[in-house]
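Novice: So that you have it, the file is upload11.cif, and it contains mmCIF, C-alpha atoms; chains and numbers go by the auth columns:
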```
data_my_file
loop_
_atom_site.group_PDB
_atom_site.id
_atom_site.type_symbol
_atom_site.label_atom_id
_atom_site.label_comp_id
_atom_site.label_asym_id
_atom_site.label_seq_id
_atom_site.Cartn_x
_atom_site.Cartn_y
_atom_site.Cartn_z
_atom_site.B_iso_or_equiv
_atom_site.auth_seq_id
_atom_site.auth_asym_id
ATOM 1 C CA MET A 1 -17.829 -28.252 26.010 0.00 1 A
ATOM 2 C CA VAL A 2 -16.050 -28.264 22.684 0.00 2 A
ATOM 3 C CA LYS A 3 -17.984 -29.370 19.650 0.00 3 A
ATOM 4 C CA LEU A 4 -17.425 -30.070 16.004 0.00 4 A
ATOM 5 C CA VAL A 5 -20.363 -28.745 13.981 0.00 5 A
ATOM 6 C CA ALA A 6 -21.174 -30.098 10.528 0.00 6 A
ATOM 7 C CA LEU A 7 -23.645 -28.045 8.480 0.00 7 A
ATOM 8 C CA TYR A 8 -25.033 -29.762 5.388 0.00 8 A
ATOM 9 C CA LYS A 9 -26.624 -28.170 2.362 0.00 9 A
ATOM 10 C CA LYS A 10 -29.364 -30.168 0.686 0.00 10 A
ATOM 11 C CA PRO A 11 -27.861 -33.201 -1.075 0.00 11 A
ATOM 12 C CA ALA A 12 -28.663 -33.835 -4.735 0.00 12 A
ATOM 13 C CA ASP A 13 -29.850 -37.352 -3.890 0.00 13 A
ATOM 14 C CA VAL A 14 -31.537 -37.071 -0.499 0.00 14 A
ATOM 15 C CA GLU A 15 -32.419 -40.760 -0.247 0.00 15 A
ATOM 16 C CA ALA A 16 -28.865 -42.001 -0.967 0.00 16 A
ATOM 17 C CA PHE A 17 -27.422 -39.392 1.388 0.00 17 A
ATOM 18 C CA GLU A 18 -29.756 -40.348 4.243 0.00 18 A
ATOM 19 C CA GLN A 19 -29.055 -44.061 3.803 0.00 19 A
ATOM 20 C CA HIS A 20 -25.289 -43.568 3.809 0.00 20 A
ATOM 21 C CA TYR A 21 -25.460 -41.142 6.729 0.00 21 A
ATOM 22 C CA ALA A 22 -27.462 -43.418 8.987 0.00 22 A
ATOM 23 C CA ARG A 23 -25.941 -46.766 8.002 0.00 23 A
ATOM 24 C CA VAL A 24 -22.282 -45.923 7.394 0.00 24 A
ATOM 25 C CA HIS A 25 -21.326 -42.471 8.646 0.00 25 A
ATOM 26 C CA ILE A 26 -22.982 -42.337 12.085 0.00 26 A
ATOM 27 C CA PRO A 27 -21.582 -45.735 13.151 0.00 27 A
ATOM 28 C CA LEU A 28 -18.068 -44.501 12.205 0.00 28 A
ATOM 29 C CA VAL A 29 -18.548 -41.215 14.082 0.00 29 A
ATOM 30 C CA GLU A 30 -19.779 -42.936 17.219 0.00 30 A
ATOM 31 C CA LYS A 31 -16.480 -44.831 17.461 0.00 31 A
ATOM 32 C CA ILE A 32 -14.436 -41.606 17.818 0.00 32 A
ATOM 33 C CA PRO A 33 -12.748 -41.697 21.251 0.00 33 A
ATOM 34 C CA GLY A 34 -13.882 -39.034 23.726 0.00 34 A
ATOM 35 C CA LEU A 35 -17.131 -38.315 21.891 0.00 35 A
ATOM 36 C CA ARG A 36 -19.616 -37.633 24.679 0.00 36 A
ATOM 37 C CA LYS A 37 -22.842 -36.803 22.878 0.00 37 A
ATOM 38 C CA THR A 38 -24.193 -35.850 19.497 0.00 38 A
ATOM 39 C CA GLU A 39 -27.101 -33.735 18.377 0.00 39 A
ATOM 40 C CA TRP A 40 -28.761 -34.243 15.034 0.00 40 A
ATOM 41 C CA THR A 41 -30.667 -31.219 13.769 0.00 41 A
ATOM 42 C CA ARG A 42 -33.260 -31.433 11.015 0.00 42 A
ATOM 43 C CA PHE A 43 -34.088 -27.998 9.636 0.00 43 A
ATOM 44 C CA LEU A 44 -37.774 -27.546 8.932 0.00 44 A
ATOM 45 C CA ALA A 45 -38.121 -23.956 7.793 0.00 45 A
ATOM 46 C CA ALA A 46 -36.543 -20.536 7.741 0.00 46 A
ATOM 47 C CA PRO A 47 -38.834 -17.668 8.776 0.00 47 A
ATOM 48 C CA GLN A 48 -36.979 -15.379 6.333 0.00 48 A
ATOM 49 C CA GLY A 49 -37.306 -17.667 3.303 0.00 49 A
ATOM 50 C CA GLU A 50 -35.674 -20.873 2.111 0.00 50 A
ATOM 51 C CA ALA A 51 -33.465 -22.634 4.681 0.00 51 A
ATOM 52 C CA PRO A 52 -29.798 -22.386 3.625 0.00 52 A
ATOM 53 C CA TYR A 53 -29.040 -25.783 5.199 0.00 53 A
ATOM 54 C CA TYR A 54 -30.622 -29.216 5.136 0.00 54 A
ATOM 55 C CA MET A 55 -29.304 -30.535 8.432 0.00 55 A
ATOM 56 C CA MET A 56 -26.676 -30.108 11.117 0.00 56 A
ATOM 57 C CA TYR A 57 -24.796 -32.717 13.126 0.00 57 A
ATOM 58 C CA GLU A 58 -22.890 -31.747 16.267 0.00 58 A
ATOM 59 C CA MET A 59 -20.265 -33.840 18.048 0.00 59 A
ATOM 60 C CA TYR A 60 -19.501 -32.884 21.669 0.00 60 A
ATOM 61 C CA PHE A 61 -16.288 -33.398 23.616 0.00 61 A
ATOM 62 C CA ALA A 62 -15.553 -32.553 27.255 0.00 62 A
ATOM 63 C CA ASP A 63 -12.813 -30.050 26.441 0.00 63 A
ATOM 64 C CA MET A 64 -10.240 -28.965 23.848 0.00 64 A
ATOM 65 C CA ASP A 65 -7.674 -31.564 24.921 0.00 65 A
ATOM 66 C CA THR A 66 -10.181 -34.376 24.456 0.00 66 A
ATOM 67 C CA TYR A 67 -11.156 -32.971 21.064 0.00 67 A
ATOM 68 C CA GLN A 68 -7.527 -32.648 19.940 0.00 68 A
ATOM 69 C CA THR A 69 -6.850 -36.245 20.983 0.00 69 A
ATOM 70 C CA ALA A 70 -9.974 -37.371 19.107 0.00 70 A
ATOM 71 C CA LEU A 71 -8.844 -35.483 15.995 0.00 71 A
ATOM 72 C CA LYS A 72 -5.639 -37.525 15.844 0.00 72 A
ATOM 73 C CA SER A 73 -7.365 -40.887 16.279 0.00 73 A
ATOM 74 C CA GLU A 74 -7.658 -43.551 13.601 0.00 74 A
ATOM 75 C CA GLU A 75 -11.411 -43.576 14.204 0.00 75 A
ATOM 76 C CA ASN A 76 -11.620 -39.861 13.363 0.00 76 A
ATOM 77 C CA LYS A 77 -9.560 -40.368 10.213 0.00 77 A
ATOM 78 C CA ALA A 78 -11.928 -43.119 9.096 0.00 78 A
ATOM 79 C CA ALA A 79 -15.001 -40.939 9.752 0.00 79 A
ATOM 80 C CA GLY A 80 -13.353 -37.998 7.969 0.00 80 A
ATOM 81 C CA GLN A 81 -12.470 -40.067 4.918 0.00 81 A
ATOM 82 C CA ASP A 82 -16.005 -41.375 4.771 0.00 82 A
ATOM 83 C CA LEU A 83 -17.376 -37.831 5.032 0.00 83 A
ATOM 84 C CA ILE A 84 -15.278 -36.695 2.074 0.00 84 A
ATOM 85 C CA SER A 85 -16.471 -39.665 0.040 0.00 85 A
ATOM 86 C CA PHE A 86 -20.161 -38.690 0.122 0.00 86 A
ATOM 87 C CA ALA A 87 -20.535 -35.088 1.336 0.00 87 A
ATOM 88 C CA LYS A 88 -17.409 -33.135 0.345 0.00 88 A
ATOM 89 C CA ASP A 89 -19.349 -30.554 -1.681 0.00 89 A
ATOM 90 C CA ILE A 90 -22.206 -29.929 0.752 0.00 90 A
ATOM 91 C CA VAL A 91 -20.605 -29.971 4.213 0.00 91 A
ATOM 92 C CA THR A 92 -19.144 -27.095 6.232 0.00 92 A
ATOM 93 C CA LEU A 93 -17.213 -28.004 9.391 0.00 93 A
ATOM 94 C CA LEU A 94 -16.775 -25.643 12.338 0.00 94 A
ATOM 95 C CA VAL A 95 -15.066 -26.070 15.699 0.00 95 A
ATOM 96 C CA ALA A 96 -16.767 -24.287 18.594 0.00 96 A
ATOM 97 C CA GLU A 97 -17.144 -23.807 22.318 0.00 97 A
ATOM 98 C CA ALA A 98 -20.714 -24.502 23.490 0.00 98 A
ATOM 99 C CA TYR A 99 -22.436 -23.108 26.582 0.00 99 A
ATOM 100 C CA GLU A 100 -25.739 -24.674 27.567 0.00 100 A
ATOM 101 C CA ASP A 101 -28.123 -22.837 29.872 0.00 101 A
ATOM 102 C CA GLU A 102 -31.244 -24.375 31.377 0.00 102 A
ATOM 103 C CA ILE A 103 -33.984 -21.745 31.511 0.00 103 A
ATOM 104 C CA ARG A 104 -36.900 -23.643 33.039 0.00 104 A
ATOM 105 C CA LYS A 105 -38.064 -27.246 33.357 0.00 105 A
ATOM 106 C CA MET B 1 -37.264 -31.085 20.907 0.00 1 B
ATOM 107 C CA VAL B 2 -37.997 -28.172 18.596 0.00 2 B
ATOM 108 C CA LYS B 3 -35.450 -25.397 18.398 0.00 3 B
ATOM 109 C CA LEU B 4 -35.037 -22.014 16.825 0.00 4 B
ATOM 110 C CA VAL B 5 -31.475 -21.645 15.533 0.00 5 B
ATOM 111 C CA ALA B 6 -29.909 -18.223 14.982 0.00 6 B
ATOM 112 C CA LEU B 7 -26.669 -18.195 12.970 0.00 7 B
ATOM 113 C CA TYR B 8 -24.716 -14.927 13.067 0.00 8 B
ATOM 114 C CA LYS B 9 -22.095 -13.731 10.648 0.00 9 B
ATOM 115 C CA LYS B 10 -19.316 -11.623 12.133 0.00 10 B
ATOM 116 C CA PRO B 11 -20.671 -8.206 13.147 0.00 11 B
ATOM 117 C CA ALA B 12 -18.945 -5.041 11.909 0.00 12 B
ATOM 118 C CA ASP B 13 -18.597 -3.811 15.498 0.00 13 B
ATOM 119 C CA VAL B 14 -17.942 -6.911 17.589 0.00 14 B
ATOM 120 C CA GLU B 15 -17.720 -5.069 20.905 0.00 15 B
ATOM 121 C CA ALA B 16 -21.048 -3.226 20.472 0.00 16 B
ATOM 122 C CA PHE B 17 -22.722 -6.417 19.253 0.00 17 B
ATOM 123 C CA GLU B 18 -21.487 -8.467 22.222 0.00 18 B
ATOM 124 C CA GLN B 19 -22.559 -5.820 24.724 0.00 19 B
ATOM 125 C CA HIS B 20 -26.052 -5.547 23.245 0.00 20 B
ATOM 126 C CA TYR B 21 -26.383 -9.305 22.941 0.00 21 B
ATOM 127 C CA ALA B 22 -25.485 -10.054 26.540 0.00 22 B
ATOM 128 C CA ARG B 23 -27.136 -7.084 28.216 0.00 23 B
ATOM 129 C CA VAL B 24 -30.294 -6.542 26.168 0.00 24 B
ATOM 130 C CA HIS B 25 -31.042 -9.437 23.825 0.00 25 B
ATOM 131 C CA ILE B 26 -30.459 -12.483 26.038 0.00 26 B
ATOM 132 C CA PRO B 27 -32.605 -11.099 28.905 0.00 27 B
ATOM 133 C CA LEU B 28 -35.453 -10.557 26.406 0.00 28 B
ATOM 134 C CA VAL B 29 -35.063 -14.053 24.939 0.00 29 B
ATOM 135 C CA GLU B 30 -35.071 -15.706 28.350 0.00 30 B
ATOM 136 C CA LYS B 31 -38.545 -14.283 29.022 0.00 31 B
ATOM 137 C CA ILE B 32 -40.098 -16.166 26.081 0.00 32 B
ATOM 138 C CA PRO B 33 -42.694 -18.574 27.510 0.00 33 B
ATOM 139 C CA GLY B 34 -41.952 -22.280 27.058 0.00 34 B
ATOM 140 C CA LEU B 35 -38.236 -21.743 26.436 0.00 35 B
ATOM 141 C CA ARG B 36 -36.601 -24.724 28.114 0.00 36 B
ATOM 142 C CA LYS B 37 -32.910 -24.268 27.432 0.00 37 B
ATOM 143 C CA THR B 38 -30.513 -22.364 25.247 0.00 38 B
ATOM 144 C CA GLU B 39 -27.123 -23.160 23.801 0.00 39 B
ATOM 145 C CA TRP B 40 -24.655 -20.455 22.891 0.00 40 B
ATOM 146 C CA THR B 41 -22.034 -21.539 20.363 0.00 41 B
ATOM 147 C CA ARG B 42 -18.823 -19.622 19.804 0.00 42 B
ATOM 148 C CA PHE B 43 -17.135 -20.685 16.590 0.00 43 B
ATOM 149 C CA LEU B 44 -13.366 -20.950 16.919 0.00 44 B
ATOM 150 C CA ALA B 45 -12.186 -22.212 13.581 0.00 45 B
ATOM 151 C CA ALA B 46 -13.134 -23.973 10.388 0.00 46 B
ATOM 152 C CA PRO B 47 -10.853 -26.845 9.352 0.00 47 B
ATOM 153 C CA GLN B 48 -11.523 -26.006 5.705 0.00 48 B
ATOM 154 C CA GLY B 49 -10.681 -22.287 5.961 0.00 49 B
ATOM 155 C CA GLU B 50 -12.359 -19.189 7.357 0.00 50 B
ATOM 156 C CA ALA B 51 -15.453 -19.843 9.490 0.00 51 B
ATOM 157 C CA PRO B 52 -18.574 -18.620 7.675 0.00 52 B
ATOM 158 C CA TYR B 53 -20.269 -17.747 10.977 0.00 53 B
ATOM 159 C CA TYR B 54 -19.281 -15.890 14.114 0.00 54 B
ATOM 160 C CA MET B 55 -21.681 -17.519 16.552 0.00 55 B
ATOM 161 C CA MET B 56 -24.874 -19.516 16.901 0.00 56 B
ATOM 162 C CA TYR B 57 -27.623 -19.269 19.496 0.00 57 B
ATOM 163 C CA GLU B 58 -30.192 -22.055 19.869 0.00 58 B
ATOM 164 C CA MET B 59 -33.499 -21.837 21.716 0.00 59 B
ATOM 165 C CA TYR B 60 -35.124 -25.146 22.688 0.00 60 B
ATOM 166 C CA PHE B 61 -38.813 -25.905 23.233 0.00 61 B
ATOM 167 C CA ALA B 62 -40.424 -29.174 24.314 0.00 62 B
ATOM 168 C CA ASP B 63 -42.425 -29.601 21.100 0.00 63 B
ATOM 169 C CA MET B 64 -43.929 -27.807 18.103 0.00 64 B
ATOM 170 C CA ASP B 65 -47.061 -26.736 19.995 0.00 65 B
ATOM 171 C CA THR B 66 -44.972 -25.066 22.690 0.00 66 B
ATOM 172 C CA TYR B 67 -42.866 -23.364 20.028 0.00 67 B
ATOM 173 C CA GLN B 68 -45.903 -22.125 18.123 0.00 68 B
ATOM 174 C CA THR B 69 -47.386 -20.709 21.331 0.00 69 B
ATOM 175 C CA ALA B 70 -44.058 -19.029 22.123 0.00 70 B
ATOM 176 C CA LEU B 71 -43.946 -17.508 18.622 0.00 71 B
ATOM 177 C CA LYS B 72 -47.234 -15.711 19.241 0.00 72 B
ATOM 178 C CA SER B 73 -46.237 -14.314 22.632 0.00 73 B
ATOM 179 C CA GLU B 74 -45.566 -10.651 23.379 0.00 74 B
ATOM 180 C CA GLU B 75 -42.198 -11.683 24.803 0.00 75 B
ATOM 181 C CA ASN B 76 -41.198 -13.252 21.486 0.00 76 B
ATOM 182 C CA LYS B 77 -42.320 -10.156 19.597 0.00 77 B
ATOM 183 C CA ALA B 78 -40.153 -7.991 21.857 0.00 78 B
ATOM 184 C CA ALA B 79 -37.118 -10.266 21.373 0.00 79 B
ATOM 185 C CA GLY B 80 -37.725 -10.354 17.609 0.00 80 B
ATOM 186 C CA GLN B 81 -37.993 -6.568 17.344 0.00 81 B
ATOM 187 C CA ASP B 82 -34.798 -6.213 19.337 0.00 82 B
ATOM 188 C CA LEU B 83 -33.046 -8.719 17.057 0.00 83 B
ATOM 189 C CA ILE B 84 -34.010 -6.734 13.964 0.00 84 B
ATOM 190 C CA SER B 85 -32.714 -3.536 15.584 0.00 85 B
ATOM 191 C CA PHE B 86 -29.115 -4.737 15.905 0.00 86 B
ATOM 192 C CA ALA B 87 -28.591 -7.903 13.821 0.00 87 B
ATOM 193 C CA LYS B 88 -30.957 -7.780 10.829 0.00 88 B
ATOM 194 C CA ASP B 89 -28.152 -8.011 8.259 0.00 89 B
ATOM 195 C CA ILE B 90 -26.066 -10.751 9.893 0.00 90 B
ATOM 196 C CA VAL B 91 -28.592 -13.217 11.322 0.00 91 B
ATOM 197 C CA THR B 92 -30.127 -16.308 9.709 0.00 92 B
ATOM 198 C CA LEU B 93 -33.012 -17.982 11.566 0.00 93 B
ATOM 199 C CA LEU B 94 -33.924 -21.649 11.157 0.00 94 B
ATOM 200 C CA VAL B 95 -36.578 -23.799 12.803 0.00 95 B
ATOM 201 C CA ALA B 96 -35.543 -27.411 13.449 0.00 96 B
ATOM 202 C CA GLU B 97 -36.181 -30.694 15.191 0.00 97 B
ATOM 203 C CA ALA B 98 -33.261 -31.736 17.403 0.00 98 B
ATOM 204 C CA TYR B 99 -32.331 -35.272 18.467 0.00 99 B
ATOM 205 C CA GLU B 100 -29.713 -35.615 21.193 0.00 100 B
ATOM 206 C CA ASP B 101 -27.859 -38.884 21.695 0.00 101 B
ATOM 207 C CA GLU B 102 -25.574 -39.626 24.619 0.00 102 B
ATOM 208 C CA ILE B 103 -22.626 -41.705 23.398 0.00 103 B
ATOM 209 C CA ARG B 104 -20.608 -42.206 26.580 0.00 104 B
ATOM 210 C CA LYS B 105 -20.094 -40.484 29.927 0.00 105 B
#
```
Translate the structure of the given file into structure tokens.

Specialist:
Amino acid sequence: MVKLVALYKKPADVEAFEQHYARVHIPLVEKIPGLRKTEWTRFLAAPQGEAPYYMMYEMYFADMDTYQTALKSEENKAAGQDLISFAKDIVTLLVAEAYEDEIRK
Amino acid sequence: MVKLVALYKKPADVEAFEQHYARVHIPLVEKIPGLRKTEWTRFLAAPQGEAPYYMMYEMYFADMDTYQTALKSEENKAAGQDLISFAKDIVTLLVAEAYEDEIRK
């Protein structure tokens, strides 16, 4: 699958960030056409010291064509504009191929 | 689920790194007790500029107890020692809670 990965550094105002993320940003993201699943990652600790990121949010698409179509959608533009409005200085976006492997049940 | 996230910056010798990762490191990781699934992420691009990471490898456990037990295992020690031997300077480890959400089929 192809995924868009958003890595967030710790926001200055955690409470305001969390409220906006859950109430405004996620609902916009979930409207993006072709979005199959998401994974929300809450970092707890870094064995080597302080965690360099606060959280990660991953958006999965079936393949590159689906992702490219999603990129051009109005829904993606709306989610992107919202992202810039509240997280421009703390977010890093990465496009990736993801390979899941089930080890044992 | 609880996951251990390894973020890798681009290695100096990509070929040697890839060979060691696939042939030595992954087989050691897959022996860690309680490891349920893994996800291997290959970063392709960063919309904002150069991607700050080369790849990411995530190791999933059912819950924190399972992860803590895995941490103490001989298999985890072996995988950790191997990691230090070839990736000490380019890897960042993070422990996290992960929440997956299926949006649409």

Novice: Selected by the PyMOL selection byres ((chain A) within 8 of (chain B)) in the shown coordinates: which residues, as number ranges by chain?

Specialist: A: 30, 34-48, 51, 92-105

Novice: Restricting the calculation to only C-alpha atoms, which member of B:Met64, B:Val14, B:Val24, B:Ala70 is positioned closest to Leu83 (chain B)?

Specialist: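 Looking only at the distances to Leu83 (chain B), the closest residue turns out to be B:Val24.
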
Novice: Quick one: everything within 10 Å of Tyr21 (chain A), counting only C-alpha atoms, minus sequence neighbours fewer than 5 positions away in the same chain. Send it as a CSV table (one decimal) with C-alpha atoms, in the frame of the given file.

Specialist:
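The resulting file, selection_18.csv, is reproduced below:
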```csv
chain,number,residue,atom,x,y,z
A,15,GLU,CA,-32.4,-40.8,-0.2
A,16,ALA,CA,-28.9,-42.0,-1.0
A,26,ILE,CA,-23.0,-42.3,12.1
A,27,PRO,CA,-21.6,-45.7,13.2
A,28,LEU,CA,-18.1,-44.5,12.2
A,82,ASP,CA,-16.0,-41.4,4.8
A,83,LEU,CA,-17.4,-37.8,5.0
A,86,PHE,CA,-20.2,-38.7,0.1
A,87,ALA,CA,-20.5,-35.1,1.3
```

Novice: What is the CA of Tyr8 (chain A) to CA of Gly80 (chain A) distance in Å?

Specialist: 14.5 Å

Novice: Can you work out the spacing between CA of Phe17 (chain A) and CA of Leu71 (chain A) in Å, to one decimal?

Specialist: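 Taking CA of Phe17 (chain A) and CA of Leu71 (chain A), their separation equals 24.0 Å.
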
Novice: As an exercise, work out the distance from CA of Thr66 (chain A) to CA of Val29 (chain A) in Å and give it to one decimal place.

Specialist: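 Between CA of Thr66 (chain A) and CA of Val29 (chain A) the gap works out to 15.0 Å.
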
Novice: My structure is short of atoms at region 34-49 of chain B; please model N, CA, C and O atoms there, returning them as a JSON list (two decimals), in the frame of the given file.

Specialist:
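Okay, this is what ended up in part-v7.json:
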```
[["chain", "number", "residue", "atom", "x", "y", "z"],
["B", 34, "GLY", "N", -42.17, -20.94, 27.62],
["B", 34, "GLY", "CA", -41.95, -22.28, 27.06],
["B", 34, "GLY", "C", -40.51, -22.55, 26.69],
["B", 34, "GLY", "O", -40.17, -23.69, 26.34],
["B", 35, "LEU", "N", -39.66, -21.53, 26.76],
["B", 35, "LEU", "CA", -38.24, -21.74, 26.44],
["B", 35, "LEU", "C", -37.62, -22.61, 27.53],
["B", 35, "LEU", "O", -37.63, -22.25, 28.70],
["B", 36, "ARG", "N", -37.10, -23.77, 27.13],
["B", 36, "ARG", "CA", -36.60, -24.72, 28.11],
["B", 36, "ARG", "C", -35.10, -24.56, 28.36],
["B", 36, "ARG", "O", -34.65, -24.55, 29.49],
["B", 37, "LYS", "N", -34.36, -24.49, 27.29],
["B", 37, "LYS", "CA", -32.91, -24.27, 27.43],
["B", 37, "LYS", "C", -32.38, -23.54, 26.22],
["B", 37, "LYS", "O", -33.07, -23.43, 25.18],
["B", 38, "THR", "N", -31.18, -23.02, 26.37],
["B", 38, "THR", "CA", -30.51, -22.36, 25.25],
["B", 38, "THR", "C", -29.10, -22.93, 25.13],
["B", 38, "THR", "O", -28.57, -23.49, 26.10],
["B", 39, "GLU", "N", -28.54, -22.82, 23.95],
["B", 39, "GLU", "CA", -27.12, -23.16, 23.80],
["B", 39, "GLU", "C", -26.45, -22.09, 22.96],
["B", 39, "GLU", "O", -26.90, -21.75, 21.86],
["B", 40, "TRP", "N", -25.40, -21.54, 23.52],
["B", 40, "TRP", "CA", -24.66, -20.45, 22.89],
["B", 40, "TRP", "C", -23.38, -21.07, 22.33],
["B", 40, "TRP", "O", -22.59, -21.64, 23.08],
["B", 41, "THR", "N", -23.19, -20.94, 21.03],
["B", 41, "THR", "CA", -22.03, -21.54, 20.36],
["B", 41, "THR", "C", -21.10, -20.46, 19.84],
["B", 41, "THR", "O", -21.51, -19.59, 19.08],
["B", 42, "ARG", "N", -19.85, -20.56, 20.26],
["B", 42, "ARG", "CA", -18.82, -19.62, 19.80],
["B", 42, "ARG", "C", -17.91, -20.36, 18.84],
["B", 42, "ARG", "O", -17.17, -21.27, 19.26],
["B", 43, "PHE", "N", -17.98, -19.99, 17.56],
["B", 43, "PHE", "CA", -17.14, -20.68, 16.59],
["B", 43, "PHE", "C", -15.69, -20.24, 16.74],
["B", 43, "PHE", "O", -15.40, -19.05, 16.88],
["B", 44, "LEU", "N", -14.79, -21.21, 16.72],
["B", 44, "LEU", "CA", -13.37, -20.95, 16.92],
["B", 44, "LEU", "C", -12.60, -21.02, 15.61],
["B", 44, "LEU", "O", -11.68, -20.26, 15.38],
["B", 45, "ALA", "N", -12.96, -21.96, 14.79],
["B", 45, "ALA", "CA", -12.19, -22.21, 13.58],
["B", 45, "ALA", "C", -12.99, -23.07, 12.63],
["B", 45, "ALA", "O", -13.96, -23.71, 13.02],
["B", 46, "ALA", "N", -12.56, -23.08, 11.39],
["B", 46, "ALA", "CA", -13.13, -23.97, 10.39],
["B", 46, "ALA", "C", -11.98, -24.73, 9.77],
["B", 46, "ALA", "O", -11.08, -24.12, 9.20],
["B", 47, "PRO", "N", -11.97, -26.07, 9.90],
["B", 47, "PRO", "CA", -10.85, -26.84, 9.35],
["B", 47, "PRO", "C", -10.62, -26.59, 7.87],
["B", 47, "PRO", "O", -9.50, -26.70, 7.38],
["B", 48, "GLN", "N", -11.66, -26.22, 7.15],
["B", 48, "GLN", "CA", -11.52, -26.01, 5.70],
["B", 48, "GLN", "C", -11.09, -24.59, 5.33],
["B", 48, "GLN", "O", -10.90, -24.29, 4.16],
["B", 49, "GLY", "N", -11.00, -23.67, 6.29],
["B", 49, "GLY", "CA", -10.68, -22.29, 5.96],
["B", 49, "GLY", "C", -11.40, -21.36, 6.91],
["B", 49, "GLY", "O", -11.68, -21.74, 8.05]]
```
